[in-house]
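Asks: File protein-v1.txt below, compact mmCIF, C-alpha atoms and all ligand atoms:
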```txt
# COMPACT_ATOMS: atom_id res chain seq x y z
CA MET A 1 0.00 0.00 0.00
CA SER A 2 1.45 3.42 -0.88
CA THR A 3 1.96 6.04 1.81
CA ALA A 4 -0.78 8.20 0.32
CA GLN A 5 -3.33 5.38 0.65
CA ARG A 6 -2.46 4.53 4.23
CA ILE A 7 -4.53 5.92 7.03
CA ILE A 8 -1.90 7.56 9.19
CA THR A 9 -2.54 7.29 12.87
CA ALA A 10 -0.67 7.38 16.15
CA ARG A 11 1.40 4.31 17.01
CA PRO A 12 -0.15 2.58 20.04
CA VAL A 13 2.27 2.60 22.98
CA THR A 14 1.76 -0.67 24.83
CA ASP A 15 5.15 -1.54 26.30
CA VAL A 16 5.11 0.94 29.17
CA PRO A 17 7.71 -0.06 31.77
CA PRO A 18 6.79 -0.31 35.46
CA VAL A 19 7.65 2.65 37.69
CA VAL A 20 10.86 1.76 39.56
CA GLU A 21 12.02 4.45 41.98
CA GLU A 22 15.60 4.57 43.17
CA SER A 23 15.75 3.79 46.87
CA LEU A 24 18.69 5.13 48.90
CA ASP A 25 19.45 5.46 52.59
CA HIS A 26 20.83 8.70 54.01
CA ALA A 27 24.49 7.63 53.90
CA GLU A 28 24.31 6.35 50.30
CA ARG A 29 22.56 9.52 49.19
CA SER A 30 25.21 11.82 50.74
CA GLU A 31 28.07 9.72 49.39
CA LEU A 32 26.63 9.66 45.86
CA LYS A 33 25.91 13.38 45.86
CA ALA A 34 29.41 14.24 47.07
CA ARG A 35 31.10 12.03 44.44
CA ILE A 36 28.84 13.33 41.64
CA SER A 37 29.47 16.98 42.59
CA GLU A 38 33.22 16.34 42.53
CA LEU A 39 33.10 14.75 39.06
CA MET A 40 30.81 17.48 37.74
CA LYS A 41 33.37 20.10 38.78
CA GLU A 42 36.22 18.14 37.20
CA GLN A 43 34.27 17.74 33.95
CA ASP A 44 32.83 21.28 33.84
CA ALA A 45 29.33 19.80 33.90
CA ILE A 46 25.99 21.25 34.94
CA LEU A 47 22.82 19.37 35.88
CA LEU A 48 19.45 20.22 34.32
CA ALA A 49 16.65 18.36 36.12
CA HIS A 50 12.98 18.27 35.18
CA TYR A 51 10.30 18.81 37.85
CA TYR A 52 9.15 15.19 37.44
CA THR A 53 12.51 13.67 38.43
CA SER A 54 13.31 12.58 41.99
CA GLY A 55 13.73 15.06 44.82
CA ASP A 56 17.36 13.91 45.09
CA LEU A 57 18.14 14.97 41.52
CA GLN A 58 16.22 18.24 41.86
CA ASP A 59 18.11 19.07 45.08
CA LEU A 60 21.46 18.16 43.54
CA ALA A 61 20.75 20.40 40.53
CA THR A 62 19.95 23.32 42.83
CA GLU A 63 22.92 22.66 45.15
CA THR A 64 25.39 22.54 42.24
CA GLY A 65 24.15 25.72 40.52
CA GLY A 66 22.16 23.92 37.82
CA CYS A 67 18.52 24.21 36.95
CA VAL A 68 15.22 22.59 37.98
CA SER A 69 12.53 23.51 35.52
CA ASP A 70 10.29 22.61 32.63
CA SER A 71 11.62 21.16 29.39
CA LEU A 72 12.11 24.45 27.62
CA GLU A 73 13.93 26.26 30.41
CA MET A 74 16.26 23.26 30.78
CA ALA A 75 17.36 23.83 27.19
CA ARG A 76 17.59 27.60 27.53
CA PHE A 77 19.58 27.35 30.74
CA GLY A 78 21.91 24.89 29.03
CA HIS A 79 22.44 27.40 26.24
CA ALA A 80 23.18 30.29 28.62
CA THR A 81 25.66 28.41 30.82
CA SER A 82 29.36 28.35 30.00
CA ALA A 83 29.64 24.71 31.19
CA LYS A 84 30.96 22.36 28.51
CA THR A 85 28.85 19.37 29.56
CA LEU A 86 25.08 19.35 30.15
CA ILE A 87 23.59 16.47 32.11
CA VAL A 88 19.91 16.23 31.35
CA ALA A 89 17.86 14.39 33.98
CA GLY A 90 14.56 13.94 32.20
CA VAL A 91 13.44 12.10 29.10
CA ARG A 92 15.12 11.68 25.73
CA PHE A 93 13.39 14.52 23.86
CA MET A 94 14.74 16.92 26.52
CA GLY A 95 18.29 15.71 25.95
CA GLU A 96 17.81 16.04 22.20
CA THR A 97 16.40 19.57 22.47
CA ALA A 98 19.36 20.57 24.66
CA LYS A 99 21.75 19.13 22.05
CA ILE A 100 19.95 20.82 19.14
CA LEU A 101 20.23 24.20 20.86
CA ASN A 102 23.79 23.53 22.04
CA PRO A 103 25.46 21.42 19.36
CA GLU A 104 28.96 22.34 20.55
CA LYS A 105 28.31 20.98 24.07
CA ARG A 106 28.48 17.41 25.35
CA VAL A 107 24.98 16.34 26.47
CA LEU A 108 24.68 13.29 28.74
CA MET A 109 21.63 11.57 30.23
CA PRO A 110 21.50 9.21 33.25
CA ASP A 111 19.44 6.66 31.28
CA LEU A 112 18.92 6.60 27.52
CA ARG A 113 15.89 4.30 27.88
CA ALA A 114 13.95 7.25 29.32
CA GLU A 115 11.38 7.74 26.58
CA CYS A 116 7.99 9.48 26.47
CA SER A 117 4.74 7.94 25.24
CA LEU A 118 3.97 11.03 23.15
CA ASP A 119 7.32 10.83 21.38
CA LEU A 120 6.92 7.04 20.90
CA SER A 121 3.43 7.50 19.43
CA CYS A 122 4.78 9.64 16.61
CA PRO A 123 7.46 7.95 14.46
CA ALA A 124 9.08 10.41 12.06
CA ASP A 125 8.20 8.51 8.86
CA ASP A 126 4.51 8.20 9.68
CA PHE A 127 4.44 11.79 10.81
CA ALA A 128 6.02 12.98 7.54
CA ALA A 129 3.35 11.05 5.61
CA PHE A 130 0.64 12.68 7.74
CA CYS A 131 2.12 16.12 6.95
CA ASP A 132 2.22 15.24 3.24
CA GLN A 133 -1.51 14.56 3.39
CA HIS A 134 -2.11 18.11 4.67
CA PRO A 135 0.23 20.34 2.66
CA ASP A 136 -1.96 23.41 3.26
CA ARG A 137 -1.43 23.32 7.06
CA THR A 138 1.18 24.90 9.30
CA VAL A 139 2.89 22.08 11.20
CA VAL A 140 3.04 22.69 14.96
CA VAL A 141 4.56 20.02 17.19
CA TYR A 142 4.79 19.71 20.93
CA ALA A 143 8.25 19.61 22.52
CA ASN A 144 7.60 15.94 23.42
CA THR A 145 8.76 14.68 20.01
CA SER A 146 11.95 13.37 18.44
CA ALA A 147 14.49 15.62 16.75
CA ALA A 148 13.40 14.19 13.37
CA VAL A 149 9.76 15.18 13.98
CA LYS A 150 10.84 18.68 15.05
CA ALA A 151 12.88 18.87 11.84
CA ARG A 152 9.66 18.33 9.82
CA ALA A 153 7.76 21.02 11.76
CA ASP A 154 7.27 24.74 11.19
CA TRP A 155 6.92 25.40 14.92
CA MET A 156 7.76 23.59 18.12
CA VAL A 157 5.82 24.64 21.21
CA THR A 158 5.69 23.71 24.89
CA SER A 159 2.50 23.58 26.92
CA SER A 160 3.11 27.09 28.29
CA ILE A 161 3.01 28.67 24.84
CA ALA A 162 0.83 26.35 22.72
CA VAL A 163 -2.30 28.52 23.07
CA PRO A 164 -0.69 31.91 22.22
CA VAL A 165 1.07 30.40 19.17
CA ALA A 166 -2.11 28.73 17.86
CA LYS A 167 -4.07 31.96 18.43
CA HIS A 168 -1.42 33.90 16.50
CA LEU A 169 -1.55 31.44 13.58
CA HIS A 170 -5.37 31.40 13.61
CA GLU A 171 -5.47 35.21 13.47
CA GLN A 172 -3.22 35.03 10.40
CA GLY A 173 -5.80 32.73 8.77
CA LYS A 174 -3.52 29.67 8.99
CA LYS A 175 -4.79 26.11 9.44
CA ILE A 176 -2.81 23.91 11.82
CA LEU A 177 -1.58 20.33 11.81
CA TRP A 178 -0.90 19.43 15.44
CA ALA A 179 1.05 16.54 16.97
CA PRO A 180 1.33 14.41 18.94
CA ASP A 181 -0.88 14.97 22.04
CA ARG A 182 -4.57 14.76 21.19
CA TYR A 183 -5.72 16.11 24.57
CA LEU A 184 -3.49 19.17 24.50
CA GLY A 185 -4.43 19.62 20.81
CA ASP A 186 -8.12 19.45 21.67
CA TYR A 187 -7.65 21.97 24.50
CA VAL A 188 -5.73 24.36 22.21
CA GLN A 189 -8.36 23.98 19.49
CA LYS A 190 -11.27 24.71 21.85
CA THR A 191 -9.46 27.66 23.47
CA THR A 192 -8.42 29.37 20.24
CA GLY A 193 -11.07 28.24 17.72
CA ALA A 194 -8.24 27.43 15.28
CA ASP A 195 -8.78 24.93 12.46
CA MET A 196 -6.67 21.96 13.59
CA VAL A 197 -6.13 18.34 12.59
CA LEU A 198 -4.72 16.29 15.46
CA TRP A 199 -2.30 13.39 15.71
CA GLN A 200 -3.83 10.93 18.18
CA GLY A 201 -1.03 10.42 20.72
CA SER A 202 -1.43 10.65 24.49
CA CYS A 203 0.59 10.76 27.70
CA VAL A 204 0.26 7.55 29.72
CA VAL A 205 0.40 9.55 32.96
CA HIS A 206 -2.05 12.37 32.30
CA GLU A 207 -4.66 10.41 30.38
CA ARG A 208 -5.30 8.32 33.52
CA PHE A 209 -6.63 11.14 35.69
CA LYS A 210 -10.33 10.62 36.39
CA ALA A 211 -12.97 13.36 36.48
CA ASP A 212 -15.21 11.28 38.81
CA GLY A 213 -12.38 10.82 41.31
CA ILE A 214 -11.56 14.54 41.29
CA ARG A 215 -15.25 15.41 41.86
CA GLU A 216 -15.35 13.06 44.87
CA LEU A 217 -12.14 14.48 46.31
CA LYS A 218 -13.49 17.98 45.84
CA GLN A 219 -16.56 17.03 47.93
CA SER A 220 -14.35 16.24 50.92
CA HIS A 221 -12.11 19.30 50.21
CA PRO A 222 -14.46 22.01 48.91
CA GLU A 223 -11.81 24.64 49.68
CA ALA A 224 -9.38 23.11 47.16
CA ALA A 225 -8.40 24.58 43.81
CA VAL A 226 -7.98 22.04 41.00
CA LEU A 227 -4.78 22.34 38.94
CA VAL A 228 -4.59 20.43 35.67
CA HIS A 229 -1.86 19.92 33.06
CA PRO A 230 -3.44 20.15 29.57
CA GLU A 231 -2.17 16.69 28.58
CA SER A 232 -5.17 15.45 30.61
CA PRO A 233 -8.55 14.44 29.11
CA ALA A 234 -11.15 17.15 28.40
CA THR A 235 -13.43 15.89 31.21
CA VAL A 236 -10.60 16.53 33.70
CA ILE A 237 -9.65 19.89 32.17
CA ALA A 238 -13.32 20.94 32.53
CA LEU A 239 -12.95 20.71 36.35
CA ALA A 240 -9.81 22.87 36.52
CA ASP A 241 -9.41 26.19 38.25
CA VAL A 242 -6.03 26.50 36.52
CA VAL A 243 -4.89 24.71 33.35
CA GLY A 244 -1.19 25.11 32.71
CA SER A 245 2.31 23.84 32.13
CA THR A 246 4.41 22.47 34.98
CA THR A 247 5.85 25.93 35.72
CA GLN A 248 2.44 27.58 35.58
CA LEU A 249 0.98 25.00 38.02
CA ILE A 250 3.85 25.55 40.47
CA ASN A 251 3.30 29.29 40.28
CA ALA A 252 -0.42 28.76 40.95
CA VAL A 253 0.31 26.86 44.18
CA ARG A 254 2.65 29.65 45.25
CA ASP A 255 0.37 32.57 44.29
CA LEU A 256 -3.25 31.50 44.79
CA PRO A 257 -4.87 32.08 48.21
CA GLN A 258 -6.39 28.57 48.52
CA PRO A 259 -4.87 26.40 51.30
CA THR A 260 -5.45 23.13 49.39
CA PHE A 261 -4.76 21.98 45.83
CA ILE A 262 -5.83 18.92 43.87
CA VAL A 263 -3.05 18.42 41.36
CA ALA A 264 -3.53 16.54 38.08
CA THR A 265 0.01 16.11 36.81
CA ASP A 266 3.02 13.89 37.58
CA ASN A 267 3.50 13.74 41.35
CA GLY A 268 7.23 14.47 41.02
CA ILE A 269 6.12 18.10 40.82
CA PHE A 270 5.15 18.02 44.53
CA HIS A 271 8.81 18.36 45.51
CA LYS A 272 9.03 21.87 44.03
CA MET A 273 5.45 22.75 45.05
CA ARG A 274 6.24 21.94 48.72
CA GLU A 275 9.35 24.08 48.50
CA VAL A 276 7.53 27.15 47.12
CA ALA A 277 4.40 26.76 49.31
CA PRO A 278 5.39 24.79 52.44
CA GLY A 279 2.16 25.37 54.39
CA LYS A 280 -0.26 24.21 51.71
CA LEU A 281 -2.01 20.84 51.44
CA LEU A 282 -1.31 19.11 48.11
CA LEU A 283 -3.52 16.22 47.02
CA GLU A 284 -2.80 13.90 44.10
CA ALA A 285 -5.69 13.83 41.62
CA PRO A 286 -7.02 10.25 41.47
CA THR A 287 -6.00 7.97 38.60
CA GLY A 288 -7.38 4.49 38.07
CA GLY A 289 -5.65 3.48 41.32
CA ARG A 290 -2.81 1.02 41.66
CA GLY A 291 -4.85 -1.64 39.89
CA ALA A 292 -5.42 -2.92 36.40
CA THR A 293 -6.61 0.37 34.93
CA CYS A 294 -3.64 2.43 36.09
CA VAL A 295 -0.45 2.15 34.08
CA SER A 296 1.41 5.07 35.56
CA CYS A 297 -0.32 6.00 38.85
CA ALA A 298 0.52 9.70 38.43
CA HIS A 299 4.21 9.12 37.91
CA CYS A 300 6.06 8.84 34.65
CA PRO A 301 7.93 5.51 34.49
CA TRP A 302 10.54 7.00 32.15
CA MET A 303 11.23 10.01 34.37
CA ALA A 304 11.69 7.53 37.26
CA MET A 305 14.60 5.91 35.38
CA ASN A 306 16.78 8.88 36.30
CA GLY A 307 18.67 8.36 39.54
CA LEU A 308 21.84 9.31 41.41
CA ARG A 309 23.43 5.89 40.82
CA SER A 310 22.96 6.05 37.05
CA LEU A 311 24.14 9.66 37.01
CA LEU A 312 27.36 8.71 38.80
CA HIS A 313 27.91 5.83 36.37
CA VAL A 314 27.51 8.18 33.41
CA LEU A 315 30.06 10.63 34.83
CA GLU A 316 32.51 7.82 35.59
CA THR A 317 32.23 6.20 32.16
CA GLY A 318 31.16 8.97 29.75
CA ILE A 319 28.38 6.75 28.37
CA ASN A 320 24.89 7.90 27.39
CA GLU A 321 25.90 10.86 25.27
CA ILE A 322 23.13 12.34 23.12
CA HIS A 323 23.86 12.73 19.43
CA VAL A 324 21.61 14.41 16.89
CA PRO A 325 22.60 14.04 13.21
CA GLU A 326 23.73 17.44 11.92
CA ASP A 327 21.21 17.63 9.05
CA ILE A 328 18.33 16.94 11.45
CA GLY A 329 19.63 19.32 14.12
CA THR A 330 20.00 22.19 11.63
CA LYS A 331 16.41 21.78 10.48
CA ALA A 332 14.95 21.19 13.97
CA VAL A 333 16.56 24.29 15.43
CA HIS A 334 14.35 26.49 13.23
CA SER A 335 11.08 25.23 14.71
CA ILE A 336 12.49 25.66 18.24
CA ASN A 337 13.90 29.13 17.57
CA ARG A 338 10.61 30.26 16.07
CA MET A 339 8.97 29.58 19.41
CA LEU A 340 11.78 31.22 21.40
CA ASN A 341 11.60 34.35 19.24
CA PHE A 342 7.80 34.44 19.53
CA ALA A 343 8.10 34.12 23.30
CA SER A 344 10.50 37.03 23.64
CA ALA A 345 8.59 39.21 21.17
CA ASN A 346 5.31 38.56 22.98
CA LYS A 347 6.78 38.46 26.49
CA VAL A 348 5.36 35.02 27.17
CA ALA A 349 6.78 33.86 30.47
CA LEU A 350 8.42 30.48 30.04
CA ARG A 351 10.79 30.49 33.01
CA GLY A 352 11.01 27.70 35.51
CA SER A 353 12.95 27.98 38.75
CA SER A 354 16.68 27.59 38.75
CA GLY A 355 19.37 27.06 41.24
CA ASP A 356 21.08 30.31 40.55
P1 LIG A 401 6.94 20.66 30.49
O1 LIG A 401 7.13 21.09 29.08
O2 LIG A 401 6.02 21.55 31.24
O3 LIG A 401 8.24 20.49 31.15
O4 LIG A 401 6.23 19.23 30.50
C1 LIG A 401 6.83 18.17 29.88
C2 LIG A 401 6.07 16.94 30.09
O5 LIG A 401 6.54 15.89 29.73
C3 LIG A 401 4.75 16.98 30.69
O6 LIG A 401 4.26 15.71 30.86
FE1 LIG A 402 5.93 11.93 28.31
FE2 LIG A 402 3.85 11.85 29.91
FE3 LIG A 402 6.23 11.14 30.82
FE4 LIG A 402 5.69 13.75 30.26
S1 LIG A 402 4.76 12.49 31.84
S2 LIG A 402 7.54 12.59 29.70
S3 LIG A 402 4.34 13.49 28.49
S4 LIG A 402 5.05 10.09 29.22
```
For the file at hand, write its structure as structure tokens.
Replies:
Amino acid sequence: MSTAQRIITARPVTDVPPVVEESLDHAERSELKARISELMKEQDAILLAHYYTSGDLQDLATETGGCVSDSLEMARFGHATSAKTLIVAGVRFMGETAKILNPEKRVLMPDLRAECSLDLSCPADDFAAFCDQHPDRTVVVYANTSAAVKARADWMVTSSIAVPVAKHLHEQGKKILWAPDRYLGDYVQKTTGADMVLWQGSCVVHERFKADGIRELKQSHPEAAVLVHPESPATVIALADVVGSTTQLINAVRDLPQPTFIVATDNGIFHKMREVAPGKLLLEAPTGGRGATCVSCAHCPWMAMNGLRSLLHVLETGINEIHVPEDIGTKAVHSINRMLNFASANKVALRGSSGD
């Protein structure tokens, strides 16, 4: 069957690994952190940790002058620093984005198996065929995609800027092809009224949050504000007081007057939320529970692959370097820079919190 005849759809992601958290006692933790800090100094390395990684990695990033933030700020911080080596504690697309923006730097990751179900749902060849079927559309992809998919796109966006970019394109009369997250795409479409066709990928963590469970929890905590990441289903988004990216949800916990928050995003984010709002009660939005219907239980299994032990191993051996072929990197950087330029021109706040 030719590509043109095929119905192009998202690749189902079935082989989701179990969540395995690193477990360390106090002495091991201190020893590992001390040894890692020493090697980072020797190798002129800086740690960029995502909000969904373990508290240990987030603390180490802060203590060593690195950055704890969302995916975009990790890359921007990496670009601004003079360090020659960037260690990206997160998932593969974050390492690739850092490398695309900083081709001259060495980019290492604690575990190269750390994928993302959105990225996995959108293989570059199928995506290119999907784009070929819609030549009249502007191609906008979420950051959670491979370098090759970004190379095929006109724009890359993160969740903090997806709505303003789609609104801007809609006002210019442009039609959009969106990939890969169908829930975020649906949210952007409804918010902006833009004409969008959507790739049908999803995040295995966020798609498990349940509207019924949140309603029940809200009955016992009527004072709570509901915070939702837009990778969640529309029924969950409909219950939100705030819909936003990881950074925007952290800022909401810090700035809103409510004493209690029901949080529908990866529970790794609680580490930073507790730090910025120590007195507030944070409740995990219910998923399917730890039973048959819950794959992720509010924690990303790929983010959980990052740990202090694997980070030390990487620094000792130099393994797990991220490489992006030059031809792909040179194309992909345009879609990323388009977003960065739009953000500065429109003063869209994208900053996370950093250790500096
Ligand atoms: P951010 O872009 O906010 O870091 O989110 C990335 C992500 O994977 C959310 O699930
Ligand atoms: Fe991907 Fe979801 Fe994990 Fe974020 S939480 S990295 S979107 S699988």
Asks: Using all atoms listed in the file, find the one residue out of A:Met196, A:Ala345, A:Leu48, A:Val314 that sits nearest to Ile87 in chain A.
Replies: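 Of A:Met196, A:Ala345, A:Leu48, A:Val314, the one nearest Ile87 in chain A, counting all atoms listed in the file, is A:Leu48.
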Asks: Can you tell me which residues come within 7 Å of ligand LIG 402 (chain A) when counting only C-alpha atoms and all ligand atoms, ideally as a PDB file with C-alpha atoms, keeping the file's coordinate frame?
Replies:
```pdb
ATOM      1  CA  VAL A  91      13.440  12.100  29.100  1.00  0.00           C
ATOM      2  CA  GLU A 115      11.380   7.740  26.580  1.00  0.00           C
ATOM      3  CA  CYS A 116       7.990   9.480  26.470  1.00  0.00           C
ATOM      4  CA  SER A 117       4.740   7.940  25.240  1.00  0.00           C
ATOM      5  CA  LEU A 118       3.970  11.030  23.150  1.00  0.00           C
ATOM      6  CA  ASN A 144       7.600  15.940  23.420  1.00  0.00           C
ATOM      7  CA  CYS A 203       0.590  10.760  27.700  1.00  0.00           C
ATOM      8  CA  VAL A 204       0.260   7.550  29.720  1.00  0.00           C
ATOM      9  CA  VAL A 205       0.400   9.550  32.960  1.00  0.00           C
ATOM     10  CA  HIS A 206      -2.050  12.370  32.300  1.00  0.00           C
ATOM     11  CA  ASP A 266       3.020  13.890  37.580  1.00  0.00           C
ATOM     12  CA  HIS A 299       4.210   9.120  37.910  1.00  0.00           C
ATOM     13  CA  CYS A 300       6.060   8.840  34.650  1.00  0.00           C
ATOM     14  CA  PRO A 301       7.930   5.510  34.490  1.00  0.00           C
ATOM     15  CA  TRP A 302      10.540   7.000  32.150  1.00  0.00           C
ATOM     16  CA  MET A 303      11.230  10.010  34.370  1.00  0.00           C
TER      17      MET A 303
END
```
Asks: Which residue out of A:Gly244, A:Pro278, A:Gly318, A:Pro180 has the minimum interatomic distance to Pro259 in chain A when all atoms listed in the file are used?
Replies: A:Pro278
Asks: Check the smallest atom-to-atom distance from each of A:Tyr52, A:Phe270, A:Phe77, A:Tyr142 to Ser202 in chain A using all atoms listed in the file, then report the winner.
Replies: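 Closest candidate: A:Tyr142.
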Asks: Show which residues sit within 8 Å of Pro110 in chain A, as a PyMOL selection string. Count only C-alpha atoms, and ignore same-chain residues fewer than 5 positions away.
Replies: chain A and resi 87-89+305-307+310-311+313-314+320
Asks: Could you check which of A:Ala153, A:Ala298, A:Ala27, A:Ala147 is closest to Asp132 in chain A, using all atoms listed in the file?
Replies: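 Looking at the shortest contact to Asp132 in chain A, the residue is A:Ala153.
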Asks: One number please: CA of Leu249 in chain A to CA of Leu184 in chain A, in Å, one decimal.
Replies: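 Distance reported for this atom pair: 15.4 Å.
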Asks: Given the choices A:Thr247, A:Ser146, A:Thr265, A:Ser30, which gets closest to His229 in chain A if the distance is worked out from all atoms listed in the file?
Replies: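 With all atoms listed in the file as the atom set, the closest residue is A:Thr265.
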Asks: Can you find the residues with an atom no farther than 8 Å from (20.5, 19.2, 26.1), counting only C-alpha atoms, and report them as an MDAnalysis selection string?
Replies: chainID A and resid 74:75 78 86:88 94:102 107:108 322
Asks: In Å, rounded to a single decimal, give me how far CA of Gly66 in chain A is from CA of Ile36 in chain A.
Replies: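 Separating CA of Ile36 in chain A from CA of Gly66 in chain A is a distance of 13.1 Å.
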Asks: Do you have the CA of Leu112 in chain A-CA of Arg338 in chain A distance handy?
Replies: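 Going from CA of Leu112 in chain A over to CA of Arg338 in chain A covers 27.6 Å.
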Asks: Please list as a list in words every residue within 7 Å of range 136-139 of chain A, counting only C-alpha atoms and excluding residues in the same chain fewer than 3 positions away.
Replies: Ala153, Asp154, Trp155, Lys174, Lys175, Ile176, Leu177 and Trp178 of chain A
Asks: Which residues are near ligand LIG 401 (chain A) - at most 7 Å, using all atoms listed in the file? Format: as a ChimeraX atom specification.
Replies: /A:50,69-72,143-144,158-160,203,231,245-247
Asks: Could you give me, as a ChimeraX atom specification, the residues within 7 Å of range 214-218 of chain A, counting only C-alpha atoms and dropping anything in the same chain fewer than 4 positions from it?
Replies: /A:210,222,224,285-286
Asks: So, counting all atoms listed in the file, which residue among A:Val324, A:Phe261, A:Val253, A:Asp241 is closest to Ala277 in chain A?
Replies: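 Among the listed residues, the smallest separation from Ala277 in chain A belongs to A:Val253.
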Asks: Using all atoms listed in the file, find all polymer residues with an atom at most 10 Å away from the point (14.6, 16.9, 45.4); report them as a CSV table (one decimal) with C-alpha atoms, in the frame of the given file.
Replies:
```csv
chain,number,residue,atom,x,y,z
A,49,ALA,CA,16.6,18.4,36.1
A,51,TYR,CA,10.3,18.8,37.8
A,52,TYR,CA,9.2,15.2,37.4
A,53,THR,CA,12.5,13.7,38.4
A,54,SER,CA,13.3,12.6,42.0
A,55,GLY,CA,13.7,15.1,44.8
A,56,ASP,CA,17.4,13.9,45.1
A,57,LEU,CA,18.1,15.0,41.5
A,58,GLN,CA,16.2,18.2,41.9
A,59,ASP,CA,18.1,19.1,45.1
A,60,LEU,CA,21.5,18.2,43.5
A,61,ALA,CA,20.8,20.4,40.5
A,62,THR,CA,20.0,23.3,42.8
A,68,VAL,CA,15.2,22.6,38.0
A,268,GLY,CA,7.2,14.5,41.0
A,269,ILE,CA,6.1,18.1,40.8
A,270,PHE,CA,5.2,18.0,44.5
A,271,HIS,CA,8.8,18.4,45.5
A,272,LYS,CA,9.0,21.9,44.0
A,275,GLU,CA,9.4,24.1,48.5
```
Asks: Give the centre and edge lengths of an axis-aligned box, in Å to one decimal, that holds all listed atoms of range 142-151 of chain A with 8 Å on each side, as lines of an AutoDock Vina configuration file.
Replies:
```
center_x = 9.6
center_y = 16.5
center_z = 17.6
size_x = 25.7
size_y = 22.3
size_z = 27.6
```
